[in-house]
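Quick notes on the structure that follows.
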Amino acid sequence: MTLAYWCVLIAILLPYLSTATAKFLGPGYGPRANQDPRAFLSTLEGWRKRANNAQLNGFEVTPAFAAAVIIAHQAGGAEQTLLDQLAVAFIFSRLLYFVCYLADWGPVRSLVWFAGMGLIVALFVVSAS
């Protein structure tokens, strides 16, 4: 298992950090809210709502990252070290994205999102070499 593949697993798990933050770091979530957690999450405001939004974005971007890593490995056009570095950088971008979302730094968050998407594109580009 390469480091880049481990990063795919981390990327799959990262959205759950966001949802745990939204649910458990504030009042109101319990057995009753667990009956319909999506309805509960739709009532959140402030940083907890932003944590839930970060979760949703994580679920949106992870398939593209996973595909890029798998395709990069299969194509074999780049050194494994470079693939690992790009994958680790993507994970760091997602962590920074989460922090920016919680802090309500919209413009910075958008820049970090674009950087993460750039890393996904880079995985494709370096593999084509």
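FYI, nothing fancy with the structure tokens labels: chains A, B, ... in order, residues from 1 per chain, ligands from 1 as they appear.
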| message | If we count only C-alpha atoms and set the cut-off at 7 Å, which residues sit around A:Pro15, ignoring sequence neighbours fewer than 4 positions away in its own chain? Please answer as number ranges by chain. | response | A: 19, 55, 58-59
| said: Using DSSP assignments from the backbone, pull out every residue in stretch 20-112 of chain A that falls under alpha helix (DSSP H) and give it to me as an MDAnalysis selection string. | reply: chainID A and resid 20:24 37:42 46:75 80:103 106:112
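Here the question is which of A:Phe124, A:Phe98, A:Trp105, A:Tyr29 gets nearest to A:Leu83 using only C-alpha atoms, and that residue is A:Phe124.
The gap separating atom CA of A:Gly30 from atom CA of A:Asn53 is 20.2 Å, in Å to one decimal.
Counting only C-alpha atoms, the residue from A:Tyr97, A:Arg109, A:Ile91, A:Ala20 that sits nearest to A:Phe65 is A:Ile91.
Take the candidates A:Gln85, A:Gly76, A:Met117, A:Thr62 and check each one against A:Ala11 using only C-alpha atoms; the shortest distance goes to A:Thr62.
Take the candidates A:Thr81, A:Asn57, A:Thr43, A:Thr21 and check each one against A:Leu102 using only C-alpha atoms; the shortest distance goes to A:Thr21.
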| task | Rank A:Ala39, A:Leu44, A:Leu123, A:Val88 by their smallest atom-to-atom distance to A:Pro27, using only C-alpha atoms, and report the top residue only. | result | A:Leu44
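The shortest atom-to-atom distance to A:Ala103, with only C-alpha atoms taken into account, belongs to A:Ala54 out of A:Ala54, A:Ala66, A:Val126, A:Ala115.
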| field | Long-range neighbours of A:Lys49 as JSON, numbers by chain, 8 Å cut-off, only C-alpha atoms, 6 positions minimum in chain | value | {"A": [22, 41, 42]}
Create the file for the chosen residues now, containing C-alpha atoms and written as a JSON list (two decimals), in the first residue's frame.
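Here's the written file part.json:
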[["chain", "number", "residue", "atom", "x", "y", "z"],
["A", 22, "ALA", "CA", -21.25, 19.67, 13.86],
["A", 41, "LEU", "CA", -28.19, 19.08, 10.89],
["A", 42, "SER", "CA", -30.47, 21.29, 8.78]]
| message | Need the shell around A:Leu111: protein/DNA/RNA residues with any atom at most 12 Å away, counting only C-alpha atoms. Skip same-chain ones fewer than 3 positions apart. Format as number ranges by chain? | response | A: 93-94, 96-97, 100-101, 105-108, 114-118
